[in-house]
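So this one's model.cif, mmCIF, C-alpha atoms and all ligand atoms:
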data_target
#
loop_
_atom_site.label_atom_id
_atom_site.label_comp_id
_atom_site.auth_asym_id
_atom_site.auth_seq_id
_atom_site.Cartn_x
_atom_site.Cartn_y
_atom_site.Cartn_z
CA MET A 1 -17.87 -212.90 144.84
CA THR A 2 -21.33 -212.18 146.22
CA LYS A 3 -24.03 -212.05 143.65
CA PRO A 4 -26.16 -208.90 143.33
CA LYS A 5 -29.60 -209.12 144.95
CA VAL A 6 -32.44 -208.85 142.47
CA PHE A 7 -36.17 -208.82 143.19
CA ILE A 8 -38.63 -209.90 140.48
CA THR A 9 -42.10 -208.50 141.12
CA ARG A 10 -44.04 -211.48 139.72
CA ARG A 11 -43.44 -215.19 139.67
CA LEU A 12 -41.81 -216.02 136.33
CA PRO A 13 -41.30 -219.59 135.05
CA ASP A 14 -38.36 -221.44 136.67
CA GLU A 15 -37.13 -222.57 133.25
CA VAL A 16 -36.56 -218.91 132.34
CA VAL A 17 -35.18 -217.69 135.66
CA ASP A 18 -33.02 -220.65 136.78
CA PRO A 19 -30.17 -220.11 134.29
CA TYR A 20 -29.71 -216.55 135.61
CA LYS A 21 -29.14 -217.73 139.18
CA GLU A 22 -25.51 -218.27 138.26
CA HIS A 23 -25.13 -214.48 138.08
CA LEU A 24 -27.92 -213.06 140.20
CA ASP A 25 -29.22 -213.68 143.72
CA ILE A 26 -32.87 -213.79 142.70
CA GLU A 27 -35.95 -213.46 144.86
CA MET A 28 -39.41 -213.51 143.30
CA TRP A 29 -42.82 -212.38 144.47
CA PRO A 30 -44.55 -215.76 144.85
CA SER A 31 -47.71 -215.02 142.85
CA GLU A 32 -47.85 -215.38 139.10
CA VAL A 33 -51.17 -213.56 139.01
CA GLU A 34 -51.45 -211.00 141.76
CA PRO A 35 -49.17 -207.98 141.86
CA VAL A 36 -46.87 -207.34 144.78
CA SER A 37 -48.20 -204.83 147.31
CA ARG A 38 -46.59 -201.42 147.42
CA GLN A 39 -45.38 -202.03 150.96
CA VAL A 40 -43.56 -205.26 150.05
CA LEU A 41 -42.12 -203.71 146.90
CA MET A 42 -40.82 -200.75 148.94
CA GLU A 43 -39.02 -203.14 151.27
CA HIS A 44 -37.46 -205.10 148.43
CA ALA A 45 -36.52 -201.93 146.55
CA GLN A 46 -34.59 -200.84 149.64
CA SER A 47 -32.74 -204.11 150.14
CA SER A 48 -32.11 -205.04 146.48
CA GLN A 49 -29.58 -203.82 143.95
CA GLY A 50 -31.82 -204.62 141.03
CA LEU A 51 -35.55 -204.83 140.35
CA LEU A 52 -37.33 -206.59 137.51
CA THR A 53 -40.70 -204.85 137.36
CA MET A 54 -44.00 -205.30 135.52
CA LEU A 55 -46.04 -202.43 134.06
CA THR A 56 -48.37 -202.80 137.04
CA GLU A 57 -45.73 -201.46 139.44
CA ASN A 58 -45.64 -197.76 140.11
CA VAL A 59 -41.98 -197.01 140.73
CA ASP A 60 -42.24 -193.40 141.81
CA GLU A 61 -39.99 -190.77 143.34
CA GLN A 62 -40.78 -191.75 146.92
CA MET A 63 -39.82 -195.37 146.28
CA LEU A 64 -36.67 -194.44 144.38
CA ARG A 65 -35.42 -191.99 147.01
CA LYS A 66 -35.76 -194.62 149.72
CA SER A 67 -33.90 -197.29 147.73
CA ASN A 68 -30.29 -196.60 148.52
CA ASN A 69 -28.92 -199.90 147.24
CA LEU A 70 -30.79 -199.89 143.99
CA SER A 71 -28.78 -199.36 140.79
CA ILE A 72 -31.06 -200.76 138.07
CA ILE A 73 -34.71 -201.26 137.21
CA ALA A 74 -35.43 -203.62 134.33
CA ASN A 75 -39.03 -202.94 133.32
CA MET A 76 -40.63 -205.85 131.49
CA ALA A 77 -42.49 -203.68 128.97
CA VAL A 78 -41.52 -201.30 126.21
CA GLY A 79 -43.60 -198.53 127.82
CA TYR A 80 -41.99 -197.10 130.95
CA ASP A 81 -44.55 -194.54 132.10
CA ASN A 82 -44.83 -196.57 135.34
CA VAL A 83 -41.26 -195.66 136.29
CA ASP A 84 -40.13 -192.16 137.27
CA VAL A 85 -37.21 -192.20 134.86
CA LYS A 86 -36.20 -188.59 135.58
CA THR A 87 -35.72 -189.22 139.28
CA ALA A 88 -33.98 -192.52 138.54
CA GLU A 89 -31.54 -190.66 136.34
CA THR A 90 -30.72 -188.08 139.01
CA LEU A 91 -30.12 -190.93 141.47
CA ASP A 92 -27.95 -192.77 138.95
CA ILE A 93 -30.33 -195.72 138.75
CA ALA A 94 -30.37 -197.30 135.30
CA VAL A 95 -33.70 -198.14 133.68
CA THR A 96 -34.16 -200.64 130.87
CA HIS A 97 -37.24 -201.70 128.86
CA THR A 98 -38.14 -204.30 126.22
CA PRO A 99 -38.40 -202.70 122.78
CA ASP A 100 -38.31 -204.67 119.49
CA VAL A 101 -38.94 -208.15 120.92
CA LEU A 102 -42.67 -207.35 121.20
CA THR A 103 -43.13 -205.16 118.14
CA GLU A 104 -44.57 -207.68 115.67
CA THR A 105 -46.65 -209.45 118.33
CA THR A 106 -48.23 -206.20 119.49
CA ALA A 107 -48.86 -205.15 115.89
CA ASP A 108 -50.65 -208.47 115.28
CA LEU A 109 -52.95 -207.82 118.24
CA THR A 110 -53.51 -204.18 117.31
CA PHE A 111 -54.51 -205.06 113.77
CA GLY A 112 -56.57 -207.98 115.05
CA LEU A 113 -58.37 -205.62 117.42
CA LEU A 114 -59.07 -203.27 114.53
CA MET A 115 -60.50 -206.17 112.52
CA ALA A 116 -62.52 -207.52 115.43
CA THR A 117 -64.02 -204.09 116.03
CA ALA A 118 -64.84 -203.40 112.39
CA ARG A 119 -66.30 -206.85 111.71
CA ARG A 120 -68.02 -207.23 115.10
CA VAL A 121 -66.25 -210.53 115.73
CA VAL A 122 -66.68 -210.58 119.51
CA GLU A 123 -70.33 -209.56 119.31
CA ALA A 124 -70.95 -212.22 116.66
CA SER A 125 -69.37 -214.97 118.72
CA GLN A 126 -71.42 -213.93 121.73
CA TYR A 127 -74.53 -213.89 119.53
CA ILE A 128 -74.20 -217.61 118.84
CA LYS A 129 -73.21 -218.49 122.38
CA ASP A 130 -76.25 -216.60 123.65
CA ASN A 131 -78.36 -218.80 121.39
CA LYS A 132 -79.59 -215.85 119.30
CA TRP A 133 -78.71 -217.28 115.88
CA GLU A 134 -82.09 -218.34 114.56
CA HIS A 135 -81.85 -217.11 110.97
CA TRP A 136 -79.30 -215.87 108.49
CA SER A 137 -80.16 -212.46 107.08
CA PRO A 138 -78.45 -210.06 104.69
CA LEU A 139 -77.59 -207.48 107.30
CA MET A 140 -77.19 -209.72 110.32
CA LEU A 141 -74.14 -208.43 112.25
CA ALA A 142 -73.06 -206.43 109.20
CA GLY A 143 -69.85 -204.55 109.95
CA THR A 144 -67.58 -202.16 108.09
CA ASP A 145 -64.96 -202.81 105.41
CA ILE A 146 -61.28 -202.59 106.21
CA HIS A 147 -59.68 -202.93 102.77
CA GLY A 148 -59.62 -199.73 100.77
CA LYS A 149 -60.17 -197.59 103.88
CA THR A 150 -57.85 -195.08 105.50
CA ILE A 151 -55.93 -195.93 108.65
CA GLY A 152 -54.46 -193.07 110.67
CA ILE A 153 -51.61 -194.14 112.91
CA VAL A 154 -50.86 -191.75 115.76
CA GLY A 155 -47.38 -192.74 116.94
CA MET A 156 -45.57 -194.19 113.92
CA GLY A 157 -42.81 -195.81 115.94
CA ARG A 158 -41.68 -199.43 116.01
CA ILE A 159 -45.19 -200.85 116.55
CA GLY A 160 -46.86 -198.16 114.45
CA GLU A 161 -44.70 -199.12 111.48
CA ALA A 162 -45.41 -202.81 112.00
CA VAL A 163 -49.14 -201.98 111.95
CA ALA A 164 -48.60 -199.92 108.77
CA LYS A 165 -47.00 -202.98 107.14
CA ARG A 166 -50.12 -205.00 107.92
CA ALA A 167 -52.42 -202.20 106.73
CA LYS A 168 -50.54 -202.04 103.44
CA GLY A 169 -51.13 -205.75 102.96
CA PHE A 170 -54.84 -205.13 103.48
CA GLY A 171 -54.91 -202.49 100.77
CA MET A 172 -55.45 -199.59 103.13
CA ASN A 173 -54.50 -195.99 102.59
CA ILE A 174 -52.06 -195.00 105.38
CA LEU A 175 -51.77 -191.70 107.23
CA TYR A 176 -49.59 -191.11 110.25
CA TYR A 177 -48.89 -188.45 112.82
CA ASN A 178 -45.75 -188.11 114.97
CA ARG A 179 -44.03 -185.03 116.32
CA SER A 180 -41.35 -185.66 113.72
CA ARG A 181 -41.73 -186.80 110.14
CA LYS A 182 -40.32 -190.18 109.13
CA PRO A 183 -39.43 -190.13 105.43
CA GLU A 184 -38.21 -193.74 105.49
CA ALA A 185 -41.60 -194.91 106.84
CA GLU A 186 -43.34 -192.92 104.12
CA GLU A 187 -41.14 -194.62 101.57
CA SER A 188 -41.43 -198.20 102.84
CA HIS A 189 -45.13 -198.27 103.74
CA GLY A 190 -46.50 -195.70 101.34
CA ALA A 191 -47.66 -193.67 104.33
CA SER A 192 -48.50 -189.97 104.20
CA TYR A 193 -47.82 -187.51 106.99
CA ALA A 194 -50.77 -185.55 108.39
CA ASP A 195 -51.13 -183.21 111.32
CA PHE A 196 -53.16 -184.58 114.22
CA LYS A 197 -56.41 -182.85 113.28
CA GLY A 198 -56.05 -183.69 109.59
CA LEU A 199 -55.45 -187.35 110.45
CA LEU A 200 -58.55 -187.44 112.67
CA GLU A 201 -60.70 -185.84 109.98
CA GLN A 202 -59.59 -188.17 107.19
CA SER A 203 -59.19 -191.57 108.83
CA ASP A 204 -61.68 -194.43 108.94
CA TYR A 205 -59.57 -196.10 111.62
CA VAL A 206 -57.59 -193.99 114.09
CA VAL A 207 -54.99 -196.11 115.86
CA CYS A 208 -53.11 -194.81 118.89
CA LEU A 209 -49.59 -196.16 119.45
CA THR A 210 -47.77 -193.32 121.20
CA PRO A 211 -46.09 -193.71 124.58
CA LEU A 212 -47.92 -192.14 127.54
CA THR A 213 -46.26 -188.82 128.34
CA ASP A 214 -47.39 -185.44 129.66
CA GLU A 215 -47.96 -184.49 126.02
CA THR A 216 -50.05 -187.51 125.06
CA HIS A 217 -52.10 -187.64 128.28
CA HIS A 218 -55.78 -187.30 127.21
CA MET A 219 -54.67 -186.47 123.67
CA PHE A 220 -57.88 -188.20 122.55
CA ASN A 221 -60.39 -185.88 124.17
CA LYS A 222 -63.82 -184.55 123.27
CA GLU A 223 -62.43 -182.30 120.58
CA ALA A 224 -60.44 -185.15 119.01
CA PHE A 225 -63.47 -187.45 118.85
CA HIS A 226 -65.54 -184.61 117.38
CA SER A 227 -62.95 -184.22 114.63
CA MET A 228 -63.32 -187.88 113.61
CA LYS A 229 -65.77 -189.07 110.98
CA LYS A 230 -69.07 -190.39 112.32
CA ASP A 231 -68.43 -193.80 110.76
CA ALA A 232 -64.81 -194.04 111.95
CA PHE A 233 -63.37 -196.31 114.64
CA PHE A 234 -60.87 -195.57 117.38
CA ILE A 235 -58.33 -198.25 118.33
CA ASN A 236 -56.06 -197.88 121.35
CA ALA A 237 -53.13 -200.20 122.04
CA SER A 238 -50.85 -197.66 123.74
CA ARG A 239 -51.83 -196.68 127.29
CA GLY A 240 -55.30 -195.97 128.61
CA ALA A 241 -54.52 -192.47 129.79
CA THR A 242 -53.91 -191.20 126.25
CA VAL A 243 -57.71 -191.20 126.14
CA ASP A 244 -60.29 -189.22 128.06
CA GLU A 245 -62.58 -192.24 128.57
CA GLU A 246 -65.58 -190.14 129.50
CA ALA A 247 -65.25 -188.24 126.21
CA LEU A 248 -64.90 -191.55 124.35
CA TYR A 249 -68.02 -192.92 126.02
CA GLU A 250 -69.95 -189.76 125.11
CA ALA A 251 -68.69 -189.97 121.52
CA ILE A 252 -69.86 -193.59 121.28
CA ILE A 253 -73.32 -193.13 122.76
CA ASN A 254 -73.90 -189.91 120.80
CA LYS A 255 -72.76 -191.75 117.64
CA ASP A 256 -70.04 -189.18 116.95
CA ILE A 257 -67.89 -192.21 116.06
CA ALA A 258 -68.84 -195.77 115.09
CA GLY A 259 -66.96 -197.78 117.69
CA ALA A 260 -63.73 -198.48 119.49
CA GLY A 261 -61.26 -201.27 120.16
CA LEU A 262 -59.41 -200.88 123.43
CA ASP A 263 -56.56 -203.00 124.78
CA VAL A 264 -55.68 -200.49 127.50
CA PHE A 265 -57.54 -198.43 130.10
CA GLU A 266 -56.77 -195.57 132.41
CA GLN A 267 -57.39 -197.77 135.46
CA GLU A 268 -56.34 -201.39 135.00
CA PRO A 269 -57.97 -203.72 135.74
CA ILE A 270 -61.11 -201.92 134.56
CA SER A 271 -64.05 -202.07 136.96
CA SER A 272 -67.03 -204.21 135.92
CA ASP A 273 -69.36 -201.20 135.89
CA HIS A 274 -67.16 -199.12 133.57
CA PRO A 275 -69.56 -197.40 131.11
CA LEU A 276 -67.52 -198.44 128.05
CA LEU A 277 -68.22 -202.11 128.86
CA SER A 278 -71.92 -201.50 128.24
CA CYS A 279 -71.36 -200.44 124.60
CA PRO A 280 -71.72 -203.25 122.05
CA GLU A 281 -69.64 -201.27 119.55
CA VAL A 282 -66.64 -201.29 121.88
CA VAL A 283 -64.30 -204.28 121.98
CA CYS A 284 -62.35 -204.47 125.23
CA LEU A 285 -59.24 -206.51 125.88
CA PRO A 286 -57.28 -206.79 129.14
CA HIS A 287 -53.94 -205.32 127.98
CA ILE A 288 -52.78 -208.35 125.98
CA GLY A 289 -50.87 -206.58 123.18
CA SER A 290 -47.64 -208.49 123.66
CA ALA A 291 -49.22 -211.56 125.24
CA THR A 292 -47.97 -214.54 123.29
CA LYS A 293 -45.91 -217.16 125.05
CA GLU A 294 -42.99 -216.64 122.68
CA THR A 295 -42.89 -212.88 123.16
CA ARG A 296 -43.46 -212.90 126.90
CA TYR A 297 -40.56 -215.34 127.31
CA ASN A 298 -38.39 -213.08 125.17
CA MET A 299 -39.37 -210.06 127.26
CA MET A 300 -38.47 -211.91 130.47
CA LYS A 301 -35.10 -212.98 129.07
CA LEU A 302 -34.29 -209.52 127.74
CA SER A 303 -35.04 -208.00 131.16
CA LEU A 304 -32.83 -210.58 132.89
CA ASP A 305 -30.06 -210.10 130.30
CA ASN A 306 -30.13 -206.37 130.97
CA LEU A 307 -29.66 -207.04 134.70
CA VAL A 308 -26.73 -209.36 134.06
CA HIS A 309 -25.09 -206.89 131.67
CA HIS A 310 -25.50 -204.10 134.20
CA PHE A 311 -23.91 -206.02 137.06
CA GLN A 312 -21.09 -207.24 134.81
CA GLY A 313 -20.35 -203.66 133.86
CA LYS A 314 -21.26 -204.27 130.21
CA PRO A 315 -23.33 -201.85 128.14
CA LEU A 316 -27.08 -202.25 128.72
CA LEU A 317 -28.88 -203.99 125.86
CA THR A 318 -31.99 -201.81 125.87
CA PRO A 319 -31.75 -198.76 128.16
CA VAL A 320 -34.71 -196.37 128.03
CA PRO A 321 -33.81 -193.48 125.74
P1 LIG A 401 -41.68 -196.06 119.83
O1 LIG A 401 -40.94 -196.82 118.78
O2 LIG A 401 -40.94 -195.18 120.76
O3 LIG A 401 -42.84 -195.24 119.08
C1 LIG A 401 -43.56 -194.23 119.66
C2 LIG A 401 -43.96 -193.24 118.58
O4 LIG A 401 -44.82 -192.26 119.17
C3 LIG A 401 -42.79 -192.51 117.96
O5 LIG A 401 -42.88 -192.61 116.58
C4 LIG A 401 -42.96 -191.06 118.42
O6 LIG A 401 -42.56 -190.17 117.38
C5 LIG A 401 -44.48 -190.98 118.68
N1 LIG A 401 -44.79 -189.95 119.68
C6 LIG A 401 -44.22 -189.72 120.88
N2 LIG A 401 -44.76 -188.65 121.48
C7 LIG A 401 -45.72 -188.20 120.63
C8 LIG A 401 -46.63 -187.12 120.68
N3 LIG A 401 -46.64 -186.27 121.72
N4 LIG A 401 -47.47 -186.95 119.65
C9 LIG A 401 -47.43 -187.78 118.58
N5 LIG A 401 -46.60 -188.83 118.48
C10 LIG A 401 -45.75 -189.03 119.49
O7 LIG A 401 -42.49 -197.07 120.76
P2 LIG A 401 -43.13 -198.50 120.41
O8 LIG A 401 -42.17 -199.58 120.70
O9 LIG A 401 -43.76 -198.43 119.06
O10 LIG A 401 -44.28 -198.53 121.55
C11 LIG A 401 -45.25 -197.53 121.61
C12 LIG A 401 -46.11 -197.65 122.85
O11 LIG A 401 -47.02 -198.73 122.73
C13 LIG A 401 -45.36 -197.94 124.15
O12 LIG A 401 -44.84 -196.78 124.73
C14 LIG A 401 -46.43 -198.58 125.01
O13 LIG A 401 -47.05 -197.61 125.81
C15 LIG A 401 -47.42 -199.14 124.02
N6 LIG A 401 -47.45 -200.62 124.03
C16 LIG A 401 -48.60 -201.25 124.39
C17 LIG A 401 -48.67 -202.62 124.35
C18 LIG A 401 -49.94 -203.32 124.71
O14 LIG A 401 -49.87 -204.39 125.28
N7 LIG A 401 -51.09 -202.80 124.39
C19 LIG A 401 -47.55 -203.37 123.98
C20 LIG A 401 -46.39 -202.70 123.64
C21 LIG A 401 -46.36 -201.32 123.66
P3 LIG A 401 -42.04 -188.66 117.71
O15 LIG A 401 -41.03 -188.81 118.80
O16 LIG A 401 -41.52 -188.18 116.42
O17 LIG A 401 -43.24 -187.90 118.14
C1 LIG A 402 -46.90 -203.17 127.16
O1 LIG A 402 -47.91 -202.53 127.28
C2 LIG A 402 -45.62 -202.62 126.96
O2 LIG A 402 -45.45 -201.39 127.05
O3 LIG A 402 -44.71 -203.41 126.72
C1 LIG A 403 -71.22 -216.11 101.65
O1 LIG A 403 -70.91 -217.03 102.35
C2 LIG A 403 -71.32 -216.19 100.24
O2 LIG A 403 -71.19 -217.27 99.68
O3 LIG A 403 -71.51 -215.11 99.67
#

Output the structure of this file as structure tokens.
Amino acid sequence: MTKPKVFITRRLPDEVVDPYKEHLDIEMWPSEVEPVSRQVLMEHAQSSQGLLTMLTENVDEQMLRKSNNLSIIANMAVGYDNVDVKTAETLDIAVTHTPDVLTETTADLTFGLLMATARRVVEASQYIKDNKWEHWSPLMLAGTDIHGKTIGIVGMGRIGEAVAKRAKGFGMNILYYNRSRKPEAEESHGASYADFKGLLEQSDYVVCLTPLTDETHHMFNKEAFHSMKKDAFFINASRGATVDEEALYEAIINKDIAGAGLDVFEQEPISSDHPLLSCPEVVCLPHIGSATKETRYNMMKLSLDNLVHHFQGKPLLTPVP
């Protein structure tokens, strides 16, 4: 029997991929670092039956309509805003993602980013490395407390709940906002439901963990930042486009809010002259929420397992909802 042709859009470790060669005819983009060009991806999408994509690949309607052999896209991320899922559905192309395996890892980073922002950890490290540490003084690099404060989680899903668990351990008061209420999350984390505006007004730390959709696009705009407390922080570990970055920059320089921790940006990679990079009260990370070796290996394997299940006619492990 001929094996289905699968194209992987980034070089993944041989030790992960090799075992799957028994079931799949695998070709990989040779670079571990640089993304595949759109042109090359188009060609492979047309000749392959399956794709294993990264969040950097824009799998849009044009690409899908030209890919007559394609029957599955396994996206190696839990977010799938980079794939036109609606068109895929109409063309009967399955789409899978990687929920659960990255939840705790991403929550660790999100809470770590909150802590780094509040306690000025990155600035403080740079302070020493820049040879500025000449004295100790009572208010040198003084930050803001985390314990006893209110965290407002916008998007109380898998990762949001895992962040709530951490916040509870830190003695924080927890608010959350979703389109739907989650009584079991209220019960297990002691979280209280608030509407979006109420959450913004009451929280010391506003943490965004929604997916990027038409509804959440630029959800954090000028009005949202104006609703926040002047000494509150904004943390984003979802997708950059949930935020109007110009409005965030204005809010920071006008001191409408105290600072921000950002793992994601509207344009990634961010350009070196991006205004937010010039703000000392903003901590910027290059989209590393799920980036631990353990979790990235698990995400790779889950994506490959989905492909194998699909071609063996078994139920998909983690189809997008
Ligand atoms: P999830 O379990 O689906 O949770 C998403 C939550 O967002 C749900 O509770 C949902 O509740 C809420 N939501 C959806 N639309 C909303 C809206 N319009 N307004 C308010 N809340 C809304 O997803 P997850 O696994 O926690 O992942 C969440 C997102 O994190 C992913 O989509 C991805 O973009 C991002 N992520 C980033 C990284 C990183 O590296 N930084 C890593 C992993 C994931 P309702 O449906 O009730 O509204
Ligand atoms: C990462 O950002 C993901 O969605 O998995
Ligand atoms: C700080 O190091 C202290 O001892 O208070």

For the point (-34.2, -208.1, 132.8) in file coordinates, what residues are within 8 Å, counting only C-alpha atoms? Give the answer as an MDAnalysis selection string?
-> chainID A and resid 52 74:76 96 299:308

Closest contacts (chain A/ligand LIG 403 (chain A), max 12 Å, all atoms listed in the file) as a Markdown table:
| residue | atom | partner | partner_atom | distance |
| --- | --- | --- | --- | --- |
| A:Trp136 | CA | A:LIG403 | O1 | 10.5 |
| A:Ser137 | CA | A:LIG403 | C1 | 11.1 |
| A:Pro138 | CA | A:LIG403 | C1 | 9.9 |

Find the smallest box with edges along x, y and z containing every listed atom of ligand LIG 402 (chain A), then add 3 Å on each side and report centre and edge lengths in Å to one decimal, as lines of an AutoDock Vina configuration file.
center_x = -46.3
center_y = -202.4
center_z = 127.0
size_x = 9.2
size_y = 8.0
size_z = 6.6

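Considering the residues A:Ile8, A:Val320, A:Val16, A:Met1 and counting all atoms listed in the file, ligand LIG 402 (chain A) has its shortest atom-to-atom contact with A:Val320.
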
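Taking atom CA of A:Val282 and atom CA of A:Leu109 as the two end points, the separation is 15.6 Å.
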
Which residue of A:Glu281, A:Glu134, A:Glu104, A:Glu223 approaches ligand LIG 402 (chain A) most closely, using all atoms listed in the file = A:Glu104

All residues having an atom within 9 Å of ligand LIG 401 (chain A) (only C-alpha atoms and all ligand atoms) as a PyMOL selection string | chain A and resi 77-81+98-100+102-103+105-107+109-110+154-162+177-182+196+208-217+219+236-240+262-264+286-291+321

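Residues lying at most 12 Å from (-29.6, -187.1, 142.8) in file coordinates, with all atoms listed in the file considered, are A:Glu61, A:Leu64, A:Arg65, A:Lys66, A:Asn68, A:Lys86, A:Thr87, A:Ala88, A:Glu89, A:Thr90, A:Leu91, A:Asp92, A:Ile93.
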
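Of the listed residues (A:Arg38, A:Lys168, A:Arg296, A:His310), A:Arg296 comes nearest to ligand LIG 402 (chain A); the distances count only C-alpha atoms and all ligand atoms.
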
Per-residue nearest contacts of stretch 221-273 of chain A to stretch 120-129 of chain A (12 Å; all atoms listed in the file) as JSON lines:
{"residue": "A:Phe233", "atom": "CA", "partner": "A:Arg120", "partner_atom": "CA", "distance": 11.9}
{"residue": "A:Ala258", "atom": "CA", "partner": "A:Arg120", "partner_atom": "CA", "distance": 11.5}
{"residue": "A:Gly259", "atom": "CA", "partner": "A:Arg120", "partner_atom": "CA", "distance": 9.9}
{"residue": "A:Ala260", "atom": "CA", "partner": "A:Arg120", "partner_atom": "CA", "distance": 10.7}
{"residue": "A:Gly261", "atom": "CA", "partner": "A:Arg120", "partner_atom": "CA", "distance": 10.3}

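Residue nearest ligand LIG 402 (chain A), chosen from A:Lys21, A:His44, A:Arg11, A:His97 and counting all atoms listed in the file: A:His97.
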
Mind pulling up the distance from atom CA of A:Asp14 to atom CA of A:Asn58?
-> 25.0 Å

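Atom pair atom CA of A:Leu55 / atom C1 of ligand LIG 402 (chain A): separated by 7.0 Å.
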
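Residue nearest ligand LIG 402 (chain A) within the list A:Lys132, A:Arg10, A:Met54, A:Cys279: A:Met54 [criterion: smallest interatomic distance, all atoms listed in the file].
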
Would you mind telling me which residue in A:Phe311, A:Thr295, A:Leu248, A:Leu114 lies nearest to ligand LIG 402 (chain A) when using all atoms listed in the file?
-> A:Thr295

Tell me, as a ChimeraX atom specification, which residues lie within 8 Å of A:Ala224, counting all atoms listed in the file; anything in the same chain fewer than 4 positions away does not count.
-> /A:197,200,219-220,228
